[in-house]
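Reviewing the structure listed below.
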Amino acid sequence: MFDFVRKHTKVMQFVLFLLIVPSFVLFGLQGYNRMQEKGAAVAKVDGNEISQQEWDNAHRAEVDRLRQQMPGIDAKLLDSPEARYGTLERLVRDRVLVAAVEDSKLLVADQRVARELQGNELIAALRGPDGKLDVARYRDLLAQQGLTPESFENRVRNDIATRQVLAGVGQSAFSPPAQAGVSVDSFFERREVQVARFNAADFKSRVTPTDADLQAFYKDNPKLFLAAEQAAIEYVVLDVASVQKGITVNEADLKTYFEQNASRIGGQEERRASHILVAVPKGAPEADKAKAKAKAEELLAQAKKTPASFADLAKKNSQDEGSAARGGDLDFFARGAMVKPFEDAAFALKEKGEIVGPVESEFGYHIIQLTDIKVPKQRSFEEMKPELEAELRKQQAQKKYAEAAESFSNTVYEQSESLKPVADKLKLEVRTAQSVQRAPQPGAAGPLANARFLEALFAPDAVERKRNTEAIEFGPSQMVSGRIVQHAPARTRPFEEVKDQVRERVIAAKAADLARKEGEAKLAAWQANPASAQLPAAVPLSRQDQGKQPRPLIEAALRADPAKLPALMGVDLGAEGYAVVKVNKLLPRETVAPQQAQQEIGQYNRAWATAEAAAYYEMLKNRFKAQISVPRPKAALAQ
């Protein structure tokens with residue numbers, strides 16, 4: 001075949017020309033370009049578009065991250081229009097900062113990246129007792145996130161660079177103490193008020209809605225009575241535990257594993273020691289170190305001369321405050337619990353009572369006395385057999401998981417009409433679930449809590465043809481595929497089914513309306529004749545009283561013009577009713593302790609720095625022509 005192509009190059013060029021050119025004639029260049037698109041553009045930064053697919057992928061990743069951090073979070077909050085729009089705003093923000101990094105040619109030195117990685121808690125957990133990084137585990141951990149060490153370090157480098165864009169503005173922000181003091185005092189300002197509440201709950205007994213009222217409300221508000229789209233599904237899960245069920249371990253392998261791992265599985269030797277520490281601060285001059293070492297050698301000589309006096313020597317001379325009071329006793333410890341020089345010295349001692357020193361560590365010089373040795377009982381093969389078998393089966397399952405995952409993915413795709421073939425092939429259980437919705441429900445667990453899986457389940461092809469979803473990874477070494485068995489689209493529930501709910505809503509709405517009208521009437525009457533106002537006793541009010549009064553009431557009272565007090569005003573509290581507020585006068589702020597006042601100034605300065613950074617970011621958005629073409633959700637606009 002390839003020989004024919006080489007010998008008939010011109011003929012093949014002509015054939016390709018006949019195949020390709022008509023396609024361009026029929027569909028045009030734009031048709032080919034659209035094939036490469038990832039959905040419509042939802043935003044643009046510095047001339048570069050952000051596609052719908054990029055937005056969807058970013059939001060999916062954000063949801064997965066939040067669900068891992070907060071398993072109990074309400075899934076509806078994560079998939080709301082406001083949450084999705086927030087993800088898009090963060091995506092735009094990241095692109096703006098990247099554009100600013102490139103424009104400013106910001107560079108991050110390798111040493112700065114190294115310091116950032118050293119401070120990473122996750123990486124720190126991968127270090128052994130000797131401080132060395134377990135490179136294999138590091139690579140495995142990153143691979144689970146689709147990263148290599150190089151790509152992860154580049155991500156860290158980029159993150160540091162983008163932080164630098166706003167860090168300079170935030171760190172240089174400054175507000176004069178006088179200005180900060182005025183602003184803080186204004187925020188905590190108090191006012192003397194009299195409040196008459198007209199609570200909606202008090203007016204419910206006056207409301208008697210007719211069937212016509214209920215029917216009208218039902219017709220005008222169909223979205224309030226929607227039954228969500230639901231499906232009954234089947235699904236299969238592949239994980240290490242399911243692979244492990246099909247693994248058997250023979251006796252010979254178990255015995256070999258026992259011989260190689262008996263000491264590790266059977267338990268570690270522990271030692272008990274006491275010590276005397278002559279502390280040496282980090283970076284101390286050589287002269288100070290020599291002086292400390294001489295002191296330690298002197299204490300070592302005394303301890304060896306009279307070993308029984310070790311505890312008294314420690315109480316009087318040890319600079320380790322935690323153990324000195326106990327005569328230097330450190331209790332039992334295994335390897336990995338102490339700094340390495342100390343550990344090596346303690347485990348090198350042969351007999352109880354033996355003393356060694358001075359042993360240098362990062363804390364100074366130690367005189368160590370071995371006080372006890374705890375050697376774990378070596379169990380027989382038969383005693384350890386169940387543990388060994390479980391561990392070996394788990395290890396083999398982890399190795400075979402990748403092979404099983406490939407077979408799982410291929411089978412659910414190639415035989416997409418049913419999950420039985422993959423279940424039979426890999427000996428998996430076909431599970432069922434009822435009333436599954438597009439978004440994870442509160443209390444959902446496993447794949448039913450995974451937004452990606454649910455999104456695939458409710459894809460058009462899966463809904464209409466009831467095909468298997470693709471194999472989806474919903475956790476480390478966990479895959480799932482599912483299919484819809486029965487599907488019920490979203491619908492408005494019948495009036496008779498929701499009649500009681502309609503009645504409650506109508507009564508609540510009409511009661512709130514009656515409360516508002518009653519409050520407005522009283523306000524008008526009291527404004528016309530202030531002497532007739534029947535108001536409760538005056539009380540102080542401030543922003544610190546959020547729990548005692550509704551926020552709209554507090555904000556309205558504090559916005560009253562101080563030059564026009566006393567003043568009467570009405571405040572609509574929505575579903576809670578109405579309030580008439582009389583603001584009598586300003587009250588001086590209560591005196592606060594100097595420490596609290598300093599904390600408040602610090603909070604104000606941090607808020608000021610945040611505001612300056614936000615303003616600078618808005619300027620960057622304008623510079624790089626950041627635009628979002630998707631309308632902001634109404635609920636987000638109201639915030």
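Residue names in the structure tokens use chain letters A, B, ... in the order shown, residue numbers from 1 in each chain, and ligand numbers from 1 in the order shown.
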According to DSSP computed on the backbone, where in region 49-277 of chain A is there helix (DSSP H, G or I)? Give the residues as a PDB file with C-alpha atoms, in the first residue's frame.
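Here's the written file result-v6.pdb:
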ATOM      1  CA  GLN A  52     -18.777  27.360  26.981  1.00  0.00           C
ATOM      2  CA  GLN A  53     -16.905  24.052  27.314  1.00  0.00           C
ATOM      3  CA  GLU A  54     -14.039  25.701  29.197  1.00  0.00           C
ATOM      4  CA  TRP A  55     -16.576  27.286  31.539  1.00  0.00           C
ATOM      5  CA  ASP A  56     -18.351  23.937  32.061  1.00  0.00           C
ATOM      6  CA  ASN A  57     -15.063  22.147  32.742  1.00  0.00           C
ATOM      7  CA  ALA A  58     -13.927  24.829  35.203  1.00  0.00           C
ATOM      8  CA  HIS A  59     -17.229  24.706  37.081  1.00  0.00           C
ATOM      9  CA  ARG A  60     -17.156  20.903  37.195  1.00  0.00           C
ATOM     10  CA  ALA A  61     -13.663  21.002  38.681  1.00  0.00           C
ATOM     11  CA  GLU A  62     -14.754  23.650  41.196  1.00  0.00           C
ATOM     12  CA  VAL A  63     -17.773  21.582  42.275  1.00  0.00           C
ATOM     13  CA  ASP A  64     -15.647  18.448  42.691  1.00  0.00           C
ATOM     14  CA  ARG A  65     -13.113  20.392  44.776  1.00  0.00           C
ATOM     15  CA  LEU A  66     -15.794  21.863  47.069  1.00  0.00           C
ATOM     16  CA  ARG A  67     -17.546  18.531  47.534  1.00  0.00           C
ATOM     17  CA  GLN A  68     -14.261  16.927  48.586  1.00  0.00           C
ATOM     18  CA  GLN A  69     -13.636  19.718  51.098  1.00  0.00           C
ATOM     19  CA  ALA A  75     -25.573  20.252  46.072  1.00  0.00           C
ATOM     20  CA  LYS A  76     -28.190  22.754  44.860  1.00  0.00           C
ATOM     21  CA  LEU A  77     -25.976  25.623  45.988  1.00  0.00           C
ATOM     22  CA  LEU A  78     -23.088  24.335  43.882  1.00  0.00           C
ATOM     23  CA  PRO A  81     -26.939  29.915  38.228  1.00  0.00           C
ATOM     24  CA  GLU A  82     -25.212  32.205  40.729  1.00  0.00           C
ATOM     25  CA  ALA A  83     -22.536  29.574  41.526  1.00  0.00           C
ATOM     26  CA  ARG A  84     -21.913  28.907  37.830  1.00  0.00           C
ATOM     27  CA  TYR A  85     -21.630  32.629  37.122  1.00  0.00           C
ATOM     28  CA  GLY A  86     -19.179  32.958  39.998  1.00  0.00           C
ATOM     29  CA  THR A  87     -16.998  30.293  38.372  1.00  0.00           C
ATOM     30  CA  LEU A  88     -17.035  32.256  35.103  1.00  0.00           C
ATOM     31  CA  GLU A  89     -16.013  35.432  36.929  1.00  0.00           C
ATOM     32  CA  ARG A  90     -13.086  33.596  38.558  1.00  0.00           C
ATOM     33  CA  LEU A  91     -12.105  32.180  35.167  1.00  0.00           C
ATOM     34  CA  VAL A  92     -12.079  35.685  33.694  1.00  0.00           C
ATOM     35  CA  ARG A  93     -10.135  36.970  36.689  1.00  0.00           C
ATOM     36  CA  ASP A  94      -7.470  34.290  36.202  1.00  0.00           C
ATOM     37  CA  ARG A  95      -7.140  35.183  32.517  1.00  0.00           C
ATOM     38  CA  VAL A  96      -6.861  38.903  33.327  1.00  0.00           C
ATOM     39  CA  LEU A  97      -4.076  38.246  35.840  1.00  0.00           C
ATOM     40  CA  VAL A  98      -2.243  35.979  33.382  1.00  0.00           C
ATOM     41  CA  ALA A  99      -2.450  38.754  30.774  1.00  0.00           C
ATOM     42  CA  ALA A 100      -1.071  41.217  33.349  1.00  0.00           C
ATOM     43  CA  VAL A 101       1.814  38.828  34.149  1.00  0.00           C
ATOM     44  CA  GLU A 102       2.715  38.568  30.464  1.00  0.00           C
ATOM     45  CA  ASP A 103       2.339  42.306  29.928  1.00  0.00           C
ATOM     46  CA  SER A 104       4.529  43.152  32.931  1.00  0.00           C
ATOM     47  CA  ASP A 110      13.367  28.755  40.857  1.00  0.00           C
ATOM     48  CA  GLN A 111      14.299  29.435  44.495  1.00  0.00           C
ATOM     49  CA  ARG A 112      10.900  31.096  45.066  1.00  0.00           C
ATOM     50  CA  VAL A 113       9.104  28.083  43.587  1.00  0.00           C
ATOM     51  CA  ALA A 114      11.182  25.754  45.790  1.00  0.00           C
ATOM     52  CA  ARG A 115      10.203  27.711  48.932  1.00  0.00           C
ATOM     53  CA  GLU A 116       6.542  27.523  47.947  1.00  0.00           C
ATOM     54  CA  LEU A 117       6.751  23.761  47.432  1.00  0.00           C
ATOM     55  CA  GLN A 118       8.562  23.297  50.757  1.00  0.00           C
ATOM     56  CA  GLU A 121       1.382  20.748  53.528  1.00  0.00           C
ATOM     57  CA  LEU A 122       0.516  17.957  51.092  1.00  0.00           C
ATOM     58  CA  ILE A 123       4.113  17.646  49.926  1.00  0.00           C
ATOM     59  CA  ALA A 124       5.371  17.858  53.508  1.00  0.00           C
ATOM     60  CA  VAL A 135       9.296  10.825  44.813  1.00  0.00           C
ATOM     61  CA  ALA A 136       7.235   7.789  43.774  1.00  0.00           C
ATOM     62  CA  ARG A 137       4.277   8.779  45.968  1.00  0.00           C
ATOM     63  CA  TYR A 138       4.669  12.395  44.820  1.00  0.00           C
ATOM     64  CA  ARG A 139       4.385  11.348  41.171  1.00  0.00           C
ATOM     65  CA  ASP A 140       1.438   9.026  41.887  1.00  0.00           C
ATOM     66  CA  LEU A 141      -0.445  11.756  43.730  1.00  0.00           C
ATOM     67  CA  LEU A 142       0.023  14.203  40.863  1.00  0.00           C
ATOM     68  CA  ALA A 143      -0.866  11.566  38.263  1.00  0.00           C
ATOM     69  CA  PRO A 149       5.870  17.116  38.531  1.00  0.00           C
ATOM     70  CA  GLU A 150       6.907  19.550  35.793  1.00  0.00           C
ATOM     71  CA  SER A 151       3.344  20.683  35.002  1.00  0.00           C
ATOM     72  CA  PHE A 152       2.531  20.995  38.714  1.00  0.00           C
ATOM     73  CA  GLU A 153       5.617  23.115  39.358  1.00  0.00           C
ATOM     74  CA  ASN A 154       4.743  25.302  36.361  1.00  0.00           C
ATOM     75  CA  ARG A 155       1.270  25.743  37.807  1.00  0.00           C
ATOM     76  CA  VAL A 156       2.808  26.811  41.131  1.00  0.00           C
ATOM     77  CA  ARG A 157       5.128  29.210  39.279  1.00  0.00           C
ATOM     78  CA  ASN A 158       2.184  30.755  37.408  1.00  0.00           C
ATOM     79  CA  ASP A 159       0.163  31.009  40.618  1.00  0.00           C
ATOM     80  CA  ILE A 160       2.987  32.905  42.350  1.00  0.00           C
ATOM     81  CA  ALA A 161       3.285  35.235  39.349  1.00  0.00           C
ATOM     82  CA  THR A 162      -0.440  36.040  39.259  1.00  0.00           C
ATOM     83  CA  ARG A 163      -0.475  36.655  43.022  1.00  0.00           C
ATOM     84  CA  GLN A 164       2.302  39.209  42.537  1.00  0.00           C
ATOM     85  CA  VAL A 165       0.066  41.278  40.249  1.00  0.00           C
ATOM     86  CA  LEU A 166      -2.285  42.277  43.077  1.00  0.00           C
ATOM     87  CA  ALA A 167       0.079  41.712  46.018  1.00  0.00           C
ATOM     88  CA  GLY A 168       2.029  44.901  45.342  1.00  0.00           C
ATOM     89  CA  VAL A 169      -1.140  47.003  45.469  1.00  0.00           C
ATOM     90  CA  GLY A 170      -2.555  45.293  48.551  1.00  0.00           C
ATOM     91  CA  GLN A 171       0.699  45.391  50.516  1.00  0.00           C
ATOM     92  CA  SER A 172       1.329  49.057  49.764  1.00  0.00           C
ATOM     93  CA  PRO A 177      -5.075  56.624  61.482  1.00  0.00           C
ATOM     94  CA  ALA A 178      -7.401  59.624  61.667  1.00  0.00           C
ATOM     95  CA  GLN A 179      -9.306  58.515  58.578  1.00  0.00           C
ATOM     96  CA  ALA A 180      -9.488  54.933  59.838  1.00  0.00           C
ATOM     97  CA  GLY A 181     -10.746  56.087  63.228  1.00  0.00           C
ATOM     98  CA  VAL A 182     -13.541  58.185  61.711  1.00  0.00           C
ATOM     99  CA  SER A 183     -14.639  55.340  59.441  1.00  0.00           C
ATOM    100  CA  VAL A 184     -14.625  52.739  62.211  1.00  0.00           C
ATOM    101  CA  ASP A 185     -16.568  55.002  64.591  1.00  0.00           C
ATOM    102  CA  SER A 186     -19.128  55.676  61.841  1.00  0.00           C
ATOM    103  CA  PHE A 187     -19.591  51.968  61.253  1.00  0.00           C
ATOM    104  CA  ALA A 200     -47.143  39.467  58.868  1.00  0.00           C
ATOM    105  CA  ALA A 201     -47.801  36.452  61.128  1.00  0.00           C
ATOM    106  CA  ASP A 202     -50.246  38.571  63.205  1.00  0.00           C
ATOM    107  CA  PHE A 203     -52.403  39.207  60.121  1.00  0.00           C
ATOM    108  CA  LYS A 204     -52.753  35.616  58.872  1.00  0.00           C
ATOM    109  CA  SER A 205     -55.999  35.077  60.809  1.00  0.00           C
ATOM    110  CA  ARG A 206     -57.585  37.909  58.791  1.00  0.00           C
ATOM    111  CA  ASP A 211     -60.633  28.996  45.486  1.00  0.00           C
ATOM    112  CA  ALA A 212     -60.423  31.655  42.779  1.00  0.00           C
ATOM    113  CA  ASP A 213     -57.550  33.309  44.668  1.00  0.00           C
ATOM    114  CA  LEU A 214     -55.730  29.989  44.938  1.00  0.00           C
ATOM    115  CA  GLN A 215     -56.265  29.136  41.277  1.00  0.00           C
ATOM    116  CA  ALA A 216     -55.049  32.582  40.191  1.00  0.00           C
ATOM    117  CA  PHE A 217     -51.874  32.313  42.288  1.00  0.00           C
ATOM    118  CA  TYR A 218     -51.227  28.794  40.981  1.00  0.00           C
ATOM    119  CA  LYS A 219     -51.541  29.933  37.353  1.00  0.00           C
ATOM    120  CA  ASP A 220     -49.383  33.029  37.881  1.00  0.00           C
ATOM    121  CA  PRO A 222     -46.154  27.726  37.913  1.00  0.00           C
ATOM    122  CA  LYS A 223     -42.387  27.602  38.647  1.00  0.00           C
ATOM    123  CA  LEU A 224     -43.121  27.434  42.375  1.00  0.00           C
ATOM    124  CA  PHE A 225     -44.828  24.077  41.940  1.00  0.00           C
ATOM    125  CA  VAL A 240     -10.069  -1.571  44.026  1.00  0.00           C
ATOM    126  CA  ALA A 241     -12.394  -3.407  46.423  1.00  0.00           C
ATOM    127  CA  SER A 242     -14.382  -4.957  43.549  1.00  0.00           C
ATOM    128  CA  VAL A 243     -11.185  -6.014  41.766  1.00  0.00           C
ATOM    129  CA  GLN A 244      -9.910  -7.474  45.019  1.00  0.00           C
ATOM    130  CA  LYS A 245     -12.883  -9.853  45.275  1.00  0.00           C
ATOM    131  CA  GLU A 251       0.183 -20.277  50.042  1.00  0.00           C
ATOM    132  CA  ALA A 252       3.661 -19.970  48.528  1.00  0.00           C
ATOM    133  CA  ASP A 253       3.213 -16.264  47.777  1.00  0.00           C
ATOM    134  CA  LEU A 254       1.935 -15.690  51.307  1.00  0.00           C
ATOM    135  CA  LYS A 255       4.954 -17.372  52.894  1.00  0.00           C
ATOM    136  CA  THR A 256       7.352 -15.368  50.728  1.00  0.00           C
ATOM    137  CA  TYR A 257       5.536 -12.168  51.640  1.00  0.00           C
ATOM    138  CA  PHE A 258       5.663 -13.153  55.319  1.00  0.00           C
ATOM    139  CA  GLU A 259       9.426 -13.671  55.215  1.00  0.00           C
ATOM    140  CA  GLN A 260       9.951 -10.304  53.525  1.00  0.00           C
ATOM    141  CA  ASN A 261       7.545  -8.247  55.666  1.00  0.00           C
ATOM    142  CA  ALA A 262       7.134 -10.001  59.006  1.00  0.00           C
ATOM    143  CA  SER A 263       9.120  -7.396  60.934  1.00  0.00           C
ATOM    144  CA  ARG A 264       7.207  -4.499  59.400  1.00  0.00           C
ATOM    145  CA  ILE A 265       3.734  -5.977  59.799  1.00  0.00           C
ATOM    146  CA  GLY A 266       4.438  -7.559  63.169  1.00  0.00           C
TER     147      GLY A 266
END
Got a sec: who's within 8 Å of Leu330 (chain A), counting only C-alpha atoms, leaving out chain neighbours fewer than 6 positions off, as a PyMOL selection string?
chain A and resi 272-275+323
Which is closest to Leu541 (chain A) among A:Tyr365, A:Gln595, A:Gln194, A:Pro176, if we use only C-alpha atoms?
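Checking each of A:Tyr365, A:Gln595, A:Gln194, A:Pro176 against Leu541 (chain A), counting only C-alpha atoms, the winner is A:Gln194.
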Go through A:Gly482, A:Pro421, A:Gly443, A:Pro540 and flag the residue nearest Ile233 (chain A), using only C-alpha atoms for the distances.
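Selected residue with least distance to Ile233 (chain A): A:Gly482.
Near Asp500 (chain A), within a cut-off of 12 Å and counting only C-alpha atoms, sit the residues Pro209, Asp211, Leu214, Gln215, Tyr218, Phe225, Pro494, Phe495, Glu496, Glu497, Val498, Val502, Arg503, Glu504, Arg505, Val506 and Ile507 of chain A, with same-chain residues fewer than 2 positions away left out.
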Polymer residues at most 12 Å from Tyr235 (chain A), only C-alpha atoms, same-chain spacing of 3 or more positions, as an MDAnalysis selection string
chainID A and resid 232 238 412 418:420 422:423 428:434 436 446:448 453:454 457 467:472 479:485
Between A:Arg589, A:Pro550, A:Arg190, A:Leu568, which is the closest to Ala524 (chain A) once you count only C-alpha atoms?
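Under the stated criterion, the closest residue is A:Leu568.
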Set the distance at 7 Å and use only C-alpha atoms: which residues neighbour Ser542 (chain A) once local chain neighbours fewer than 5 positions away are removed? I'd like the list as a PyMOL selection string.
chain A and resi 188-191+554
For Phe342 (chain A), find every residue with an atom within 8 Å (counting only C-alpha atoms), except residues of its own chain fewer than 3 positions away, and show them as a ChimeraX atom specification.
/A:338-339,345-346,359-361,366
